[in-house]
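model-v1.txt (compact mmCIF, C-alpha atoms) appears below.
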# COMPACT_ATOMS: atom_id res chain seq x y z
CA MET A 1 126.38 126.57 69.65
CA ARG A 2 125.84 127.86 73.16
CA LEU A 3 124.01 131.17 73.36
CA THR A 4 125.47 133.99 75.40
CA THR A 5 123.40 135.56 78.15
CA TRP A 6 122.89 138.66 76.04
CA ALA A 7 121.78 136.60 73.03
CA ARG A 8 119.22 134.80 75.16
CA ALA A 9 117.94 138.13 76.46
CA MET A 10 117.55 139.53 72.96
CA ILE A 11 115.70 136.38 71.84
CA TRP A 12 113.36 136.89 74.80
CA LEU A 13 112.75 140.50 73.76
CA LEU A 14 111.96 139.56 70.18
CA ALA A 15 109.67 136.75 71.25
CA ALA A 16 107.83 139.02 73.69
CA GLY A 17 107.42 141.72 71.07
CA HIS A 18 106.09 139.41 68.37
CA GLY A 19 103.94 137.46 70.76
CA SER A 20 102.20 140.33 72.49
CA GLY A 21 102.45 143.18 70.03
CA ALA A 22 103.72 145.27 72.95
CA LEU A 23 106.69 146.81 71.15
CA ALA A 24 106.59 149.58 68.61
CA ALA A 25 109.45 151.45 67.04
CA GLY A 26 109.78 155.01 65.86
CA ALA A 27 111.51 156.13 62.71
CA ASP A 28 114.93 155.73 64.34
CA GLY A 29 114.15 152.32 65.84
CA ALA A 30 113.55 153.63 69.35
CA LEU A 31 110.67 152.24 71.35
CA ASP A 32 107.48 154.29 71.39
CA PRO A 33 106.18 154.70 74.98
CA ALA A 34 102.65 155.35 73.71
CA ALA A 35 102.57 151.97 71.99
CA GLU A 36 104.15 149.90 74.74
CA SER A 37 102.56 147.43 77.10
CA SER A 38 100.82 148.94 80.12
CA THR A 39 102.09 146.12 82.32
CA VAL A 40 103.79 147.48 85.42
CA GLY A 41 106.57 145.60 87.22
CA ALA A 42 107.89 142.20 86.23
CA VAL A 43 106.76 140.73 82.94
CA VAL A 44 106.64 137.19 84.28
CA SER A 45 103.35 136.43 86.03
CA ARG A 46 103.55 134.78 89.42
CA GLU A 47 101.05 132.89 91.49
CA ASP A 48 100.16 134.84 94.62
CA ASP A 49 101.10 132.55 97.47
CA GLY A 50 99.97 135.01 100.14
CA ALA A 51 101.82 136.31 103.18
CA ASP A 52 103.34 132.88 103.90
CA SER A 53 105.37 132.72 100.68
CA ALA A 54 109.14 132.65 101.11
CA PHE A 55 109.48 135.88 99.17
CA GLU A 56 106.90 137.70 101.29
CA ILE A 57 108.51 136.50 104.51
CA GLY A 58 111.89 137.65 103.20
CA ARG A 59 110.50 141.01 102.08
CA GLN A 60 108.98 141.67 105.49
CA ALA A 61 112.20 140.65 107.24
CA LEU A 62 114.14 142.97 104.93
CA GLU A 63 111.84 145.88 105.83
CA ALA A 64 112.38 145.05 109.52
CA LYS A 65 116.16 144.99 108.88
CA ASP A 66 116.36 141.38 110.05
CA TYR A 67 118.89 140.63 107.37
CA ALA A 68 119.72 137.08 108.43
CA ALA A 69 116.06 136.02 108.24
CA ALA A 70 115.58 137.99 105.03
CA TYR A 71 118.54 136.26 103.40
CA ARG A 72 117.32 132.77 104.32
CA SER A 73 113.82 133.29 102.98
CA LEU A 74 114.85 135.19 99.89
CA ARG A 75 117.50 132.61 99.06
CA ASP A 76 114.89 129.85 99.32
CA ALA A 77 112.51 131.73 97.03
CA ALA A 78 115.29 132.70 94.62
CA ALA A 79 116.35 129.06 94.32
CA GLN A 80 112.79 128.36 93.11
CA ASP A 81 113.25 130.98 90.36
CA ASP A 82 111.14 133.67 92.02
CA ALA A 83 112.36 136.71 90.09
CA GLN A 84 111.30 139.22 92.76
CA ALA A 85 113.30 137.29 95.36
CA GLN A 86 116.30 137.13 93.04
CA THR A 87 116.17 140.90 92.57
CA ALA A 88 115.86 141.50 96.31
CA LEU A 89 118.76 139.14 96.96
CA GLY A 90 120.79 141.04 94.40
CA ASP A 91 120.00 144.23 96.30
CA MET A 92 121.29 142.70 99.52
CA TYR A 93 124.57 141.72 97.88
CA ARG A 94 124.90 145.06 96.08
CA ASP A 95 124.27 147.16 99.20
CA GLY A 96 125.96 144.87 101.71
CA LEU A 97 122.83 144.37 103.81
CA GLY A 98 123.75 141.93 106.57
CA MET A 99 126.78 140.80 104.61
CA GLU A 100 129.85 142.11 102.87
CA ALA A 101 128.93 143.80 99.62
CA ASP A 102 129.60 141.58 96.62
CA ALA A 103 128.97 143.15 93.22
CA GLY A 104 129.65 139.88 91.42
CA GLU A 105 126.96 138.03 93.38
CA ALA A 106 124.55 140.95 92.92
CA LEU A 107 125.17 140.87 89.18
CA ALA A 108 124.51 137.12 89.02
CA TRP A 109 121.16 137.36 90.83
CA TYR A 110 120.07 140.39 88.84
CA ARG A 111 120.88 138.55 85.64
CA ARG A 112 118.78 135.53 86.62
CA ALA A 113 115.81 137.76 87.41
CA ALA A 114 116.34 139.97 84.36
CA GLU A 115 116.32 136.99 82.02
CA GLN A 116 112.91 136.08 83.43
CA GLY A 117 111.65 139.55 82.48
CA ASP A 118 111.78 141.30 85.86
CA ALA A 119 111.93 145.00 84.97
CA GLN A 120 113.55 146.12 88.22
CA ALA A 121 116.33 143.58 87.78
CA GLN A 122 116.82 144.70 84.17
CA VAL A 123 117.24 148.31 85.29
CA ARG A 124 119.69 147.33 88.05
CA LEU A 125 121.66 145.19 85.64
CA GLY A 126 121.75 148.04 83.15
CA ARG A 127 123.08 150.40 85.80
CA MET A 128 125.80 147.92 86.78
CA TYR A 129 126.94 147.79 83.16
CA ALA A 130 126.75 151.59 82.88
CA ASP A 131 128.72 152.09 86.12
CA GLY A 132 131.13 149.17 85.66
CA LEU A 133 130.02 147.64 88.95
CA GLY A 134 130.90 143.95 89.15
CA VAL A 135 131.45 143.88 85.39
CA ALA A 136 133.46 145.76 82.78
CA PRO A 137 131.70 149.01 81.75
CA ASP A 138 129.56 148.43 78.67
CA ASP A 139 127.21 151.25 77.68
CA GLU A 140 125.67 149.30 74.80
CA ALA A 141 124.76 146.42 77.12
CA ALA A 142 123.34 148.94 79.60
CA VAL A 143 121.13 150.46 76.91
CA GLY A 144 119.98 147.00 75.90
CA TRP A 145 118.80 146.17 79.42
CA PHE A 146 117.12 149.55 79.81
CA ARG A 147 115.26 148.93 76.55
CA LEU A 148 114.00 145.61 77.86
CA ALA A 149 112.78 147.25 81.06
CA VAL A 150 110.91 150.08 79.32
CA THR A 151 108.61 147.53 77.70
CA SER A 152 107.06 147.32 81.18
CA GLU A 153 106.86 151.13 81.32
CA ASP A 154 109.26 151.14 84.24
CA PRO A 155 109.90 154.85 85.02
CA THR A 156 113.44 154.24 86.28
CA ALA A 157 114.26 152.47 83.03
CA GLN A 158 112.73 155.32 81.02
CA PHE A 159 114.79 157.82 83.01
CA ASN A 160 118.03 155.89 82.53
CA LEU A 161 117.41 155.39 78.82
CA GLY A 162 116.75 159.12 78.51
CA LEU A 163 120.08 159.86 80.20
CA MET A 164 121.91 157.54 77.82
CA TYR A 165 120.47 159.43 74.85
CA LEU A 166 121.17 162.77 76.51
CA ASN A 167 124.84 161.92 77.11
CA GLY A 168 125.41 159.82 74.00
CA ARG A 169 126.33 156.70 75.93
CA GLY A 170 125.72 153.41 74.14
CA VAL A 171 123.63 155.25 71.54
CA LYS A 172 124.12 158.27 69.32
CA LYS A 173 123.46 161.46 71.29
CA ASN A 174 119.92 162.62 70.60
CA GLU A 175 118.40 165.28 72.86
CA THR A 176 114.96 164.96 71.27
CA GLU A 177 114.89 161.24 72.01
CA ALA A 178 116.26 161.93 75.49
CA ALA A 179 113.46 164.40 76.17
CA ARG A 180 110.88 161.88 74.96
CA TRP A 181 112.02 159.21 77.43
CA LEU A 182 112.49 161.69 80.26
CA GLN A 183 108.98 162.97 79.68
CA ALA A 184 107.62 159.41 79.82
CA ALA A 185 109.44 158.84 83.11
CA ALA A 186 108.30 162.21 84.47
CA HIS A 187 104.67 161.40 83.71
CA ASN A 188 105.18 158.10 85.54
CA GLY A 189 106.28 159.97 88.66
CA GLU A 190 110.08 159.65 88.48
CA PRO A 191 111.31 162.78 90.35
CA GLN A 192 114.81 162.84 88.86
CA ALA A 193 113.27 162.76 85.39
CA GLN A 194 110.96 165.62 86.34
CA VAL A 195 113.96 167.74 87.35
CA LYS A 196 115.96 166.86 84.24
CA LEU A 197 112.97 167.53 81.98
CA GLY A 198 112.32 170.83 83.75
CA VAL A 199 115.90 171.96 83.09
CA MET A 200 115.68 170.90 79.45
CA LEU A 201 112.47 172.92 79.07
CA LEU A 202 114.20 175.94 80.59
CA GLU A 203 117.11 175.61 78.19
CA GLY A 204 115.15 174.48 75.14
CA ARG A 205 117.21 171.30 74.78
CA GLY A 206 115.43 168.56 72.86
CA VAL A 207 112.13 170.38 73.36
CA GLY A 208 110.82 173.87 72.77
CA GLN A 209 111.79 176.35 75.46
CA ASP A 210 108.88 176.58 77.91
CA PRO A 211 109.68 178.10 81.34
CA ALA A 212 106.08 177.88 82.55
CA THR A 213 105.87 174.12 81.96
CA ALA A 214 109.37 173.75 83.37
CA ALA A 215 108.24 175.37 86.62
CA LEU A 216 105.35 172.92 86.88
CA TRP A 217 107.70 169.95 86.56
CA LEU A 218 110.19 171.41 89.04
CA LEU A 219 107.65 172.18 91.76
CA GLY A 220 107.00 168.60 92.89
CA PRO A 221 110.66 167.61 93.30
CA ALA A 222 111.40 170.97 94.92
CA GLU A 223 108.73 170.33 97.53
CA GLN A 224 110.28 166.90 98.10
CA GLY A 225 113.63 168.54 98.86
CA ASN A 226 115.50 168.27 95.56
CA ALA A 227 118.11 171.03 95.72
CA LEU A 228 118.55 171.46 91.96
CA ALA A 229 114.79 171.83 91.46
CA GLN A 230 114.65 174.34 94.30
CA TYR A 231 117.48 176.34 92.74
CA HIS A 232 115.87 176.58 89.31
CA LEU A 233 112.49 177.36 90.83
CA GLY A 234 114.08 180.07 92.99
CA VAL A 235 115.76 181.63 89.95
CA GLY A 236 112.42 181.51 88.14
CA TYR A 237 110.73 183.49 90.93
CA ALA A 238 113.66 185.90 91.19
CA GLU A 239 113.57 186.70 87.48
CA GLY A 240 109.87 186.16 86.79
CA ARG A 241 110.70 183.35 84.39
CA GLY A 242 107.86 180.88 83.96
CA VAL A 243 106.22 182.19 87.15
CA GLY A 244 105.35 185.62 88.46
CA GLN A 245 108.25 187.52 90.02
CA ASP A 246 108.10 186.93 93.77
CA ASP A 247 110.97 187.84 96.11
CA GLU A 248 109.56 185.83 98.99
CA GLN A 249 109.29 182.64 96.96
CA ALA A 250 112.68 183.26 95.36
CA LEU A 251 114.36 183.55 98.78
CA ARG A 252 112.47 180.53 100.08
CA TRP A 253 113.67 178.18 97.35
CA LEU A 254 117.17 179.61 96.94
CA THR A 255 117.81 179.51 100.69
CA SER A 256 116.66 175.91 100.86
CA ALA A 257 118.88 174.87 97.95
CA ALA A 258 121.85 176.78 99.34
CA GLY A 259 121.31 175.17 102.73
CA GLN A 260 121.84 171.79 101.07
CA GLY A 261 125.22 172.92 99.82
CA LEU A 262 124.36 173.51 96.15
CA VAL A 263 127.19 175.76 94.97
CA GLN A 264 125.27 177.60 92.25
CA ALA A 265 122.42 178.28 94.67
CA ASN A 266 124.81 179.83 97.17
CA ALA A 267 126.37 182.02 94.50
CA TYR A 268 123.05 183.15 93.06
CA LEU A 269 121.59 183.80 96.50
CA ASP A 270 124.54 186.01 97.48
CA ALA A 271 124.26 188.02 94.26
CA TYR A 272 120.48 188.26 94.62
CA LEU A 273 120.68 189.57 98.18
CA GLN A 274 123.35 192.09 97.25
CA ALA A 275 121.25 193.33 94.33
CA LYS A 276 118.33 193.77 96.72
CA GLY A 277 120.53 195.67 99.16
CA ASN A 278 120.27 193.02 101.87
CA ARG A 279 124.00 192.45 102.15

Give the structure from this file in structure tokens form.
Amino acid sequence: MRLTTWARAMIWLLAAGHGSGALAAGADGALDPAAESSTVGAVVSREDDGADSAFEIGRQALEAKDYAAAYRSLRDAAAQDDAQAQTALGDMYRDGLGMEADAGEALAWYRRAAEQGDAQAQVRLGRMYADGLGVAPDDEAAVGWFRLAVTSEDPTAQFNLGLMYLNGRGVKKNETEAARWLQAAAHNGEPQAQVKLGVMLLEGRGVGQDPATAALWLLGPAEQGNALAQYHLGVGYAEGRGVGQDDEQALRWLTSAAGQGLVQANAYLDAYLQAKGNR
């Protein structure tokens, strides 16, 4: 009987877990980040061919926005089953770089790379299933691909898996499990996870309420220009929540968030200024 793509992927996961001992499950069957492999990036090892490899030439051309040259080199490398090239080629089709966007072609290249164990391709494939891009929406399939990718401790995969638990998509809603994966992603430097975790700490969702720790997680993304982080940090300074009360810092962060068009920041800033007698 012919195996489906998903069945082959699950066989790969089971073989990788039993062969390397990289997977560990918690009481509810979820993967334990502390017990996972420390491998970063694609699971499949590749011989380093140097700067003259077709993939490297394609990558450099892509960075230079020479899309025709990038496509030629990446297509050559992808045809030789280079998973990184297949993922990059999928990106070109997904984003319409030098060509008309084609979600179906993107999906096909991501799938080829994902089945080889490329974590970035697995995350992209998961997002396409979650968003219904080039394929019928399928939250359970999305979760499955995110689970494969987190075995490489990919922070984007950890973030996406956390969101699926937070919103109850493809899995039973579980805010504690969501917080666990978001925290893993946050520690791995994923800024969106840092913001989401900061908000959950402020609200006490899935974790104990801890405004001081929340402020620490929000600071980095706020400095990088994330409007939602700036808003919550501004409110924290305005109300002395998690940080010392500081009108100057409150105005700084609220004004920045409002300037980016964040509705709640505009509303809070207006009320704050009125309360201070500045309007």

- Would you mind listing what lies within 7 Å of stretch 63-77 of chain A as a ChimeraX atom specification, with only C-alpha atoms counted and same-chain residues fewer than 6 positions away left out? /A:54-55,57,85,89,97-98

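The space separating atom CA of A:Val195 from atom CA of A:Met92 comes to 28.8 Å.
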
Using only C-alpha atoms, I'd like a table of the residues in stretch 142-236 of chain A that come within 7 Å of stretch 243-253 of chain A; for each, show the closest atom pair and its distance in Å rounded to one decimal, ordered by chain and ascending number, as a Markdown table.
| residue | atom | partner | partner_atom | distance |
| --- | --- | --- | --- | --- |
| A:Ala212 | CA | A:Val243 | CA | 6.3 |
| A:Gln230 | CA | A:Trp253 | CA | 5.0 |
| A:Tyr231 | CA | A:Trp253 | CA | 6.3 |
| A:Leu233 | CA | A:Trp253 | CA | 6.7 |
| A:Gly234 | CA | A:Ala250 | CA | 4.2 |
| A:Val235 | CA | A:Ala250 | CA | 6.4 |
| A:Gly236 | CA | A:Val243 | CA | 6.3 |

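For A:Asn226, the set of protein, DNA and RNA residues having any atom at most 9 Å away, when counting only C-alpha atoms and skipping those fewer than 4 positions along the same chain, is Pro191, Gln192, Val195, Leu218, Gly220, Pro221, Ala222, Gln230, Tyr231 and Ala257 of chain A.
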
- List every protein, DNA or RNA residue with an atom no more than 9 Å from (110.0, 157.6, 87.1) in the file's coordinates, counting all atoms listed in the file, and format the result as an MDAnalysis selection string. chainID A and resid 154:159 182 184:194

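Proximity to A:Thr151 was assessed for A:Ala130, A:Val171, A:Val123, A:Val263 counting all atoms listed in the file; the smallest distance is recorded for A:Val123.
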
Kindly add N, CA and C atoms to the incomplete stretch 250-264 of chain A and provide the output as an mmCIF file, keeping the file's coordinate frame.
data_model
loop_
_atom_site.group_PDB
_atom_site.id
_atom_site.type_symbol
_atom_site.label_atom_id
_atom_site.label_comp_id
_atom_site.auth_asym_id
_atom_site.auth_seq_id
_atom_site.Cartn_x
_atom_site.Cartn_y
_atom_site.Cartn_z
ATOM 1 N N ALA A 250 111.304 183.404 95.838
ATOM 2 C CA ALA A 250 112.680 183.260 95.360
ATOM 3 C C ALA A 250 113.616 182.969 96.534
ATOM 4 N N LEU A 251 113.498 183.741 97.614
ATOM 5 C CA LEU A 251 114.360 183.550 98.780
ATOM 6 C C LEU A 251 114.092 182.200 99.445
ATOM 7 N N ARG A 252 112.819 181.822 99.466
ATOM 8 C CA ARG A 252 112.470 180.530 100.080
ATOM 9 C C ARG A 252 113.196 179.376 99.402
ATOM 10 N N TRP A 253 113.112 179.311 98.066
ATOM 11 C CA TRP A 253 113.670 178.180 97.350
ATOM 12 C C TRP A 253 115.195 178.273 97.245
ATOM 13 N N LEU A 254 115.713 179.460 97.043
ATOM 14 C CA LEU A 254 117.170 179.610 96.940
ATOM 15 C C LEU A 254 117.843 179.310 98.277
ATOM 16 N N THR A 255 117.236 179.771 99.362
ATOM 17 C CA THR A 255 117.810 179.510 100.690
ATOM 18 C C THR A 255 117.807 178.021 100.995
ATOM 19 N N SER A 256 116.732 177.347 100.621
ATOM 20 C CA SER A 256 116.660 175.910 100.860
ATOM 21 C C SER A 256 117.713 175.164 100.058
ATOM 22 N N ALA A 257 117.874 175.529 98.789
ATOM 23 C CA ALA A 257 118.880 174.870 97.950
ATOM 24 C C ALA A 257 120.282 175.156 98.447
ATOM 25 N N ALA A 258 120.532 176.412 98.829
ATOM 26 C CA ALA A 258 121.850 176.780 99.340
ATOM 27 C C ALA A 258 122.156 176.059 100.644
ATOM 28 N N GLY A 259 121.130 175.870 101.467
ATOM 29 C CA GLY A 259 121.310 175.170 102.730
ATOM 30 C C GLY A 259 121.706 173.722 102.549
ATOM 31 N N GLN A 260 121.433 173.167 101.369
ATOM 32 C CA GLN A 260 121.840 171.790 101.070
ATOM 33 C C GLN A 260 123.220 171.731 100.429
ATOM 34 N N GLY A 261 123.852 172.891 100.321
ATOM 35 C CA GLY A 261 125.220 172.920 99.820
ATOM 36 C C GLY A 261 125.350 173.024 98.311
ATOM 37 N N LEU A 262 124.276 173.368 97.605
ATOM 38 C CA LEU A 262 124.360 173.510 96.150
ATOM 39 C C LEU A 262 125.123 174.787 95.818
ATOM 40 N N VAL A 263 126.266 174.636 95.179
ATOM 41 C CA VAL A 263 127.190 175.760 94.970
ATOM 42 C C VAL A 263 126.530 176.881 94.182
ATOM 43 N N GLN A 264 125.855 176.539 93.075
ATOM 44 C CA GLN A 264 125.270 177.600 92.250
ATOM 45 C C GLN A 264 124.150 178.327 92.987
#
